[in-house]
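Data from data18.cif: mmCIF, C-alpha atoms
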```cif
data_final
loop_
_atom_site.label_atom_id
_atom_site.label_comp_id
_atom_site.auth_asym_id
_atom_site.auth_seq_id
_atom_site.Cartn_x
_atom_site.Cartn_y
_atom_site.Cartn_z
CA MET A 24 199.36 -106.09 -33.30
CA THR A 25 197.80 -104.72 -30.12
CA PRO A 26 200.26 -104.29 -27.22
CA SER A 27 199.58 -105.37 -23.65
CA GLU A 28 199.94 -103.15 -20.60
CA LEU A 29 202.69 -103.91 -18.10
CA THR A 30 203.75 -102.28 -14.82
CA PHE A 31 207.10 -102.21 -13.03
CA SER A 32 206.87 -101.44 -9.32
CA THR A 33 209.76 -99.33 -8.04
CA ARG A 34 210.53 -97.56 -4.78
CA SER A 35 209.69 -94.22 -6.43
CA GLY A 36 206.41 -95.30 -8.02
CA ASP A 37 204.96 -97.43 -10.79
CA ILE A 38 206.58 -97.40 -14.24
CA ALA A 39 204.01 -98.19 -16.92
CA ALA A 40 204.98 -100.09 -20.05
CA LEU A 41 203.67 -101.64 -23.24
CA GLU A 42 204.76 -105.03 -24.55
CA TRP A 43 204.58 -106.71 -27.92
CA GLY A 44 205.38 -110.36 -28.60
CA ALA A 45 205.19 -111.65 -25.03
CA GLY A 46 206.58 -115.19 -24.98
CA ASN A 47 208.98 -114.59 -27.84
CA THR A 48 212.58 -115.67 -27.40
CA ASN A 49 214.61 -112.46 -27.56
CA LEU A 50 213.96 -109.58 -25.15
CA ILE A 51 214.25 -105.92 -26.17
CA LEU A 52 213.82 -103.02 -23.74
CA ALA A 53 212.78 -99.84 -25.60
CA LEU A 54 213.42 -96.37 -24.17
CA HIS A 55 211.58 -93.37 -25.63
CA GLY A 56 212.49 -89.73 -26.12
CA TRP A 57 211.70 -86.57 -24.19
CA LEU A 58 207.96 -85.72 -24.10
CA ASP A 59 207.14 -88.95 -25.99
CA ASN A 60 206.04 -92.23 -24.39
CA ALA A 61 206.09 -96.00 -24.85
CA ALA A 62 203.59 -95.83 -27.71
CA SER A 63 206.21 -94.07 -29.85
CA PHE A 64 207.35 -97.64 -30.62
CA SER A 65 203.90 -98.64 -31.92
CA GLN A 66 205.17 -98.79 -35.51
CA LEU A 67 208.57 -100.40 -34.89
CA ALA A 68 207.81 -102.92 -32.12
CA PRO A 69 205.27 -105.08 -34.03
CA ILE A 70 207.77 -105.60 -36.85
CA LEU A 71 210.40 -106.77 -34.36
CA ALA A 72 207.82 -108.92 -32.55
CA ASP A 73 207.06 -110.72 -35.83
CA GLN A 74 210.72 -111.78 -35.86
CA ASP A 75 210.58 -113.48 -32.43
CA TYR A 76 211.45 -110.43 -30.34
CA HIS A 77 209.64 -109.63 -27.11
CA VAL A 78 209.58 -105.82 -26.96
CA ILE A 79 208.91 -103.96 -23.71
CA ALA A 80 208.69 -100.17 -23.96
CA ILE A 81 208.46 -98.17 -20.74
CA ASP A 82 207.03 -94.73 -20.02
CA PHE A 83 209.63 -92.65 -18.23
CA PRO A 84 208.31 -90.98 -15.05
CA GLY A 85 206.31 -87.88 -15.92
CA HIS A 86 205.46 -89.37 -19.33
CA GLY A 87 202.62 -91.55 -20.58
CA ARG A 88 201.00 -93.47 -17.73
CA SER A 89 203.95 -93.67 -15.35
CA HIS A 90 204.02 -91.90 -11.99
CA HIS A 91 204.88 -88.23 -11.65
CA ARG A 92 207.55 -87.13 -9.23
CA ALA A 93 206.34 -85.85 -5.86
CA VAL A 94 205.52 -82.17 -5.48
CA GLY A 95 208.72 -80.24 -4.84
CA HIS A 96 210.91 -82.54 -6.94
CA ASN A 97 212.23 -81.97 -10.43
CA TYR A 98 213.30 -84.10 -13.40
CA GLY A 99 217.07 -83.87 -13.43
CA PHE A 100 218.37 -85.77 -16.44
CA ILE A 101 220.76 -87.94 -14.43
CA ASP A 102 217.98 -89.02 -12.06
CA TYR A 103 216.30 -91.06 -14.79
CA LEU A 104 219.10 -93.61 -14.34
CA LEU A 105 217.65 -94.33 -10.90
CA ASP A 106 214.29 -94.94 -12.58
CA ILE A 107 215.52 -97.41 -15.18
CA GLN A 108 217.78 -99.33 -12.79
CA PRO A 109 214.90 -101.25 -11.15
CA VAL A 110 213.42 -101.96 -14.58
CA PHE A 111 216.71 -103.51 -15.70
CA ASP A 112 216.92 -105.43 -12.43
CA GLN A 113 213.43 -106.95 -12.88
CA LEU A 114 214.20 -108.30 -16.36
CA THR A 115 216.24 -111.39 -17.23
CA GLN A 116 219.66 -110.16 -18.31
CA PRO A 117 221.33 -109.79 -20.70
CA PHE A 118 218.89 -108.32 -23.23
CA THR A 119 218.97 -105.79 -26.06
CA VAL A 120 218.23 -102.08 -25.57
CA VAL A 121 216.68 -100.07 -28.40
CA ALA A 122 216.51 -96.41 -27.47
CA HIS A 123 215.52 -93.13 -29.10
CA SER A 124 216.66 -89.57 -28.35
CA MET A 125 216.64 -88.92 -24.58
CA GLY A 126 216.19 -92.64 -24.01
CA ALA A 127 219.32 -93.30 -26.05
CA ALA A 128 221.34 -90.81 -23.99
CA LEU A 129 220.24 -92.52 -20.78
CA GLY A 130 220.56 -96.02 -22.17
CA SER A 131 224.13 -95.40 -23.33
CA MET A 132 225.13 -94.16 -19.88
CA TYR A 133 223.53 -97.10 -18.09
CA VAL A 134 225.10 -99.64 -20.45
CA ALA A 135 228.50 -97.99 -20.01
CA ALA A 136 228.16 -98.57 -16.26
CA TYR A 137 226.58 -102.05 -16.50
CA PRO A 138 227.77 -103.78 -19.69
CA GLU A 139 226.85 -107.18 -18.26
CA ALA A 140 223.14 -106.21 -18.32
CA VAL A 141 222.96 -105.89 -22.10
CA ASP A 142 224.04 -107.96 -25.07
CA LYS A 143 223.48 -105.30 -27.76
CA LEU A 144 222.64 -101.60 -27.83
CA VAL A 145 220.77 -99.70 -30.56
CA LEU A 146 220.88 -95.89 -30.38
CA ILE A 147 218.46 -93.94 -32.59
CA GLU A 148 219.08 -90.24 -33.09
CA ASN A 149 221.18 -89.55 -30.02
CA LEU A 150 224.77 -89.51 -28.84
CA GLY A 151 224.52 -88.24 -25.27
CA ALA A 152 223.07 -85.39 -23.26
CA ILE A 153 222.22 -82.20 -25.15
CA PRO A 154 223.22 -79.48 -24.61
CA PRO A 155 226.38 -80.12 -22.60
CA TYR A 156 227.91 -77.74 -20.09
CA GLN A 157 229.69 -74.86 -21.79
CA LYS A 158 232.62 -73.20 -20.07
CA GLY A 159 231.67 -69.87 -18.59
CA GLU A 160 227.92 -70.56 -18.59
CA ALA A 161 227.46 -72.57 -15.37
CA THR A 162 226.24 -69.70 -13.18
CA GLU A 163 224.03 -68.17 -15.85
CA ASN A 164 222.44 -71.56 -16.56
CA LEU A 165 221.88 -72.18 -12.85
CA ARG A 166 220.15 -68.83 -12.35
CA HIS A 167 217.97 -69.33 -15.42
CA SER A 168 216.89 -72.79 -14.24
CA LEU A 169 216.18 -71.57 -10.70
CA ASP A 170 214.08 -68.73 -12.10
CA GLU A 171 212.08 -71.26 -14.16
CA TRP A 172 211.57 -73.39 -11.05
CA ARG A 173 210.30 -70.40 -9.05
CA ARG A 174 207.69 -69.59 -11.70
CA HIS A 175 206.52 -73.09 -12.64
CA SER A 176 202.97 -74.35 -12.20
CA LEU A 177 201.50 -77.85 -12.45
CA LYS A 178 198.09 -76.60 -13.55
CA HIS A 179 196.84 -77.61 -16.99
CA GLN A 180 196.44 -74.39 -18.89
CA ARG A 181 195.32 -75.79 -22.24
CA HIS A 182 192.52 -78.22 -23.05
CA TYR A 183 191.47 -79.70 -26.39
CA PRO A 184 187.87 -80.51 -27.35
CA SER A 185 188.91 -83.79 -29.00
CA ILE A 186 191.84 -86.12 -29.54
CA ASP A 187 191.99 -84.95 -33.15
CA HIS A 188 192.63 -81.39 -31.97
CA ALA A 189 195.47 -82.64 -29.74
CA VAL A 190 196.96 -84.57 -32.66
CA LYS A 191 196.92 -81.44 -34.83
CA ALA A 192 198.64 -79.48 -32.06
CA ARG A 193 201.41 -82.07 -31.75
CA GLN A 194 201.83 -82.16 -35.54
CA LYS A 195 203.02 -78.56 -35.38
CA ALA A 196 205.96 -79.63 -33.21
CA THR A 197 206.43 -83.10 -34.71
CA PRO A 198 205.27 -83.08 -38.35
CA MET A 199 204.14 -86.56 -39.39
CA PRO A 200 200.92 -88.30 -40.46
CA ALA A 201 198.18 -88.24 -37.85
CA ASP A 202 197.72 -92.02 -37.86
CA ILE A 203 201.36 -92.50 -36.87
CA LEU A 204 201.17 -89.93 -34.08
CA ARG A 205 197.81 -91.03 -32.69
CA PRO A 206 198.89 -93.99 -30.47
CA MET A 207 201.49 -91.83 -28.74
CA ILE A 208 199.09 -88.90 -28.41
CA GLU A 209 196.28 -91.02 -26.97
CA ARG A 210 198.65 -92.49 -24.36
CA GLY A 211 199.80 -89.01 -23.41
CA LEU A 212 196.36 -87.47 -22.85
CA GLY A 213 194.16 -87.11 -19.80
CA LYS A 214 190.57 -85.87 -19.75
CA THR A 215 188.58 -83.62 -17.45
CA VAL A 216 185.24 -81.84 -17.81
CA LYS A 217 187.19 -79.10 -19.60
CA GLY A 218 188.45 -81.48 -22.30
CA TYR A 219 191.65 -83.32 -23.12
CA HIS A 220 195.01 -82.20 -21.73
CA TRP A 221 198.57 -83.50 -21.83
CA ARG A 222 199.22 -85.83 -18.91
CA THR A 223 202.94 -85.15 -19.32
CA ASP A 224 204.33 -83.53 -16.18
CA LYS A 225 204.85 -79.83 -16.86
CA ARG A 226 208.11 -79.90 -14.87
CA LEU A 227 209.71 -81.86 -17.74
CA ARG A 228 210.11 -78.57 -19.58
CA LEU A 229 212.18 -76.95 -16.84
CA GLY A 230 215.90 -76.57 -17.50
CA SER A 231 218.50 -78.70 -15.73
CA LEU A 232 220.22 -77.05 -12.79
CA VAL A 233 223.56 -78.56 -13.82
CA ARG A 234 224.73 -80.20 -17.02
CA LEU A 235 227.23 -82.89 -17.94
CA ASP A 236 230.29 -81.56 -19.72
CA GLU A 237 231.46 -82.81 -23.11
CA GLN A 238 234.38 -84.79 -21.66
CA GLN A 239 232.04 -86.77 -19.41
CA ILE A 240 229.62 -87.48 -22.25
CA GLN A 241 232.34 -88.74 -24.55
CA GLU A 242 233.84 -90.83 -21.74
CA PHE A 243 230.51 -92.62 -21.23
CA LEU A 244 230.28 -93.31 -24.97
CA ALA A 245 233.87 -94.58 -25.15
CA ASP A 246 233.30 -96.93 -22.22
CA ILE A 247 230.45 -98.86 -23.88
CA GLU A 248 231.72 -102.41 -24.31
CA VAL A 249 228.80 -104.15 -26.03
CA PRO A 250 228.13 -104.22 -29.80
CA THR A 251 226.41 -100.93 -30.59
CA GLN A 252 224.41 -99.68 -33.53
CA LEU A 253 223.88 -95.99 -34.27
CA ILE A 254 220.97 -94.97 -36.52
CA LEU A 255 220.82 -91.38 -37.74
CA ALA A 256 218.40 -89.49 -39.95
CA GLU A 257 219.63 -88.16 -43.27
CA PRO A 258 219.80 -85.26 -43.86
CA LEU A 259 221.05 -84.41 -40.39
CA SER A 260 218.14 -83.70 -38.05
CA TYR A 261 217.88 -80.71 -35.73
CA ALA A 262 218.54 -83.00 -32.75
CA MET A 263 221.95 -84.09 -34.04
CA ASN A 264 223.12 -80.80 -35.50
CA TYR A 265 225.74 -79.76 -32.94
CA PRO A 266 229.52 -79.16 -33.19
CA THR A 267 230.73 -82.22 -31.25
CA MET A 268 228.67 -84.85 -33.07
CA THR A 269 231.64 -86.23 -35.03
CA ALA A 270 233.77 -86.39 -31.88
CA ARG A 271 230.99 -88.29 -30.10
CA ILE A 272 230.69 -90.78 -32.97
CA ASN A 273 234.43 -91.33 -32.78
CA ALA A 274 234.21 -91.85 -29.02
CA LEU A 275 231.41 -94.39 -29.42
CA SER A 276 233.01 -96.12 -32.42
CA PRO A 277 229.74 -97.91 -33.26
CA THR A 278 229.84 -101.49 -34.49
CA GLN A 279 227.31 -100.55 -37.16
CA MET A 280 226.18 -97.09 -38.23
CA ASP A 281 223.22 -96.51 -40.51
CA LYS A 282 221.95 -93.28 -42.06
CA LEU A 283 218.36 -93.43 -43.25
CA ALA A 284 216.16 -90.91 -45.01
CA GLY A 285 213.82 -89.40 -42.47
CA ASP A 286 213.64 -87.05 -39.52
CA HIS A 287 214.28 -87.22 -35.78
CA HIS A 288 211.36 -89.65 -35.28
CA LEU A 289 212.34 -91.91 -38.18
CA HIS A 290 211.66 -95.00 -36.04
CA MET A 291 208.01 -93.96 -36.33
CA THR A 292 207.80 -92.56 -39.86
CA GLN A 293 210.29 -95.01 -41.42
CA ALA A 294 209.65 -98.01 -39.19
CA ASP A 295 210.14 -100.63 -41.90
CA ALA A 296 213.55 -99.31 -42.91
CA VAL A 297 214.67 -98.86 -39.29
CA ALA A 298 213.50 -102.38 -38.40
CA ASP A 299 215.39 -103.81 -41.38
CA ARG A 300 218.66 -102.25 -40.25
CA ILE A 301 218.10 -103.22 -36.58
CA LEU A 302 217.37 -106.84 -37.53
CA HIS A 303 220.49 -106.94 -39.69
CA PHE A 304 222.54 -105.69 -36.74
CA LEU A 305 220.99 -108.06 -34.21
CA THR A 306 221.47 -111.13 -36.41
CA THR A 307 225.02 -110.39 -37.57
CA HIS A 308 226.74 -109.16 -34.38
#
```
If you took the structure in this file and wrote it as structure tokens, what would it be?
Amino acid sequence: MTPSELTFSTRSGDIAALEWGAGNTNLILALHGWLDNAASFSQLAPILADQDYHVIAIDFPGHGRSHHRAVGHNYGFIDYLLDIQPVFDQLTQPFTVVAHSMGAALGSMYVAAYPEAVDKLVLIENLGAIPPYQKGEATENLRHSLDEWRRHSLKHQRHYPSIDHAVKARQKATPMPADILRPMIERGLGKTVKGYHWRTDKRLRLGSLVRLDEQQIQEFLADIEVPTQLILAEPLSYAMNYPTMTARINALSPTQMDKLAGDHHLHMTQADAVADRILHFLTTH
């Protein structure tokens, strides 16, 4: 199933999106992870679309084909909530949110604040901002982030002679079959006379100047009022291997929790199994 392109106009710039199953009855807004893009749902979305779901997956600013922030601005984690607010406002509410990794952290916070916007929430491989503020590290973290900001450059330093070379490079960071990675890679590439380069804004890799503390994160999770599903990889992935994970699960108290064999991107590599559990949740709660 080939997705269609979609654009949301916002006061900050255009948010690009992909959609599958336009005209279907049930709307799903999909939110991707850090350094990924809307095409990371290329395996999962068609399965949901076949079951009468209209799936819209956005590219966060700085990712995919969405706008980049103006020169002199950064990508503070909390600011993404201002980016998704106009997307929510332009869609007929309530709808379901399916979110992975960074998208799940942001989606959970937005739904905690606006429960009326959503009927169900599916979180894949995330339970809030990581890492949280640690007592005694605020000043050190601030200095480190400011030093990164001082040194950063927006110039593309690395170019690839072909898309295949870019896929192989991404496989080193995200091991999975090339055919699964390719849609996301192709959406994330630009091309110049020097070759292919990542379109992803280089400022995305800069550290946050300030971080949420653990109490805030767990409060957001506890305040989610809508039926919520949590899907985790088994064995525990690197992204979920932190000391407060159990406390965060308890704070969220998910309506349905599923553990599936796979890795952090199991919605891509194990799309059939993830879709099966999501459809079970959506049709029974």
Quick one: which residues end up in the PyMOL selection byres ((chain A and resi 148-153) around 6) for this structure, as a PyMOL selection string?
chain A and resi 124+127-128+147+154-155+240+255
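Those residues returned by the PyMOL selection byres ((chain A and resi 137-143) around 6) for this file are A:Gln116, A:Pro117, A:Phe118, A:Thr119, A:Val134, A:Ala135, A:Ala136, A:Leu144, A:Val249, A:Pro250, A:Thr251.
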Range 256-265 of chain A: which residues within 8 Å, counting only C-alpha atoms, same-chain residues fewer than 3 positions away excluded, as a PyMOL selection string?
chain A and resi 148-149+268+282-287+289
Using only C-alpha atoms, pick whichever of A:Leu305, A:Gly126, A:Phe83, A:Thr30 has the shortest atom-to-atom distance to Asn49 in chain A.
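Under the stated criterion, the closest residue is A:Leu305.
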Run the PyMOL selection byres ((chain A and resi 198) around 12) on the file and write out the hits as number ranges by chain.
A: 190-197, 199-204, 285-289, 291-292
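Candidate residues A:Gln74, A:Ser89, A:Gln113, A:Ser276 were compared for distance to Leu302 in chain A, and the nearest is A:Gln74, using only C-alpha atoms.
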For Arg181 in chain A: contacts at 9 Å, only C-alpha atoms, fewer than 4 positions along chain excluded, given as a PyMOL selection string
chain A and resi 218-221
Per-residue nearest contacts of range 58-157 of chain A to range 223-228 of chain A (12 Å; all atoms listed in the file) as CSV:
```
residue,atom,partner,partner_atom,distance
A:Leu58,CA,A:Thr223,CA,7.0
A:Asp59,CA,A:Thr223,CA,8.8
A:Asn60,CA,A:Thr223,CA,9.2
A:Asp82,CA,A:Thr223,CA,10.4
A:Phe83,CA,A:Thr223,CA,10.1
A:Pro84,CA,A:Asp224,CA,8.5
A:Gly85,CA,A:Asp224,CA,4.8
A:His86,CA,A:Thr223,CA,4.9
A:Gly87,CA,A:Thr223,CA,6.5
A:Arg88,CA,A:Thr223,CA,8.7
A:Ser89,CA,A:Thr223,CA,9.5
A:His90,CA,A:Asp224,CA,9.4
A:His91,CA,A:Asp224,CA,6.6
A:Arg92,CA,A:Asp224,CA,8.5
A:Ala93,CA,A:Asp224,CA,10.8
A:Val94,CA,A:Arg226,CA,10.0
A:Gly95,CA,A:Arg226,CA,10.1
A:His96,CA,A:Arg226,CA,8.8
A:Asn97,CA,A:Arg226,CA,6.4
A:Tyr98,CA,A:Leu227,CA,6.1
A:Gly99,CA,A:Leu227,CA,8.8
A:Phe100,CA,A:Leu227,CA,9.6
A:Tyr103,CA,A:Leu227,CA,11.7
```
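Take CA of Gly130 in chain A and CA of Ala72 in chain A: the distance between them is 20.9 Å.
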Show which residues sit within 9 Å of Asp106 in chain A, as a list of chain:residue names. Count only C-alpha atoms, and ignore same-chain residues fewer than 4 positions away.
A:Thr33, A:Ser35, A:Ile38, A:Phe83, A:Pro84, A:Asp102, A:Val110
Selection near range 54-56 of chain A, 7 Å with all atoms listed in the file, sequence-local residues under 6 positions removed, as number ranges by chain:
A: 63, 80-81, 121-127
Between CA of Ile70 in chain A and CA of Thr307 in chain A, distance in Å (one decimal):
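Answer for the CA of Ile70 in chain A to CA of Thr307 in chain A separation: 17.9 Å.
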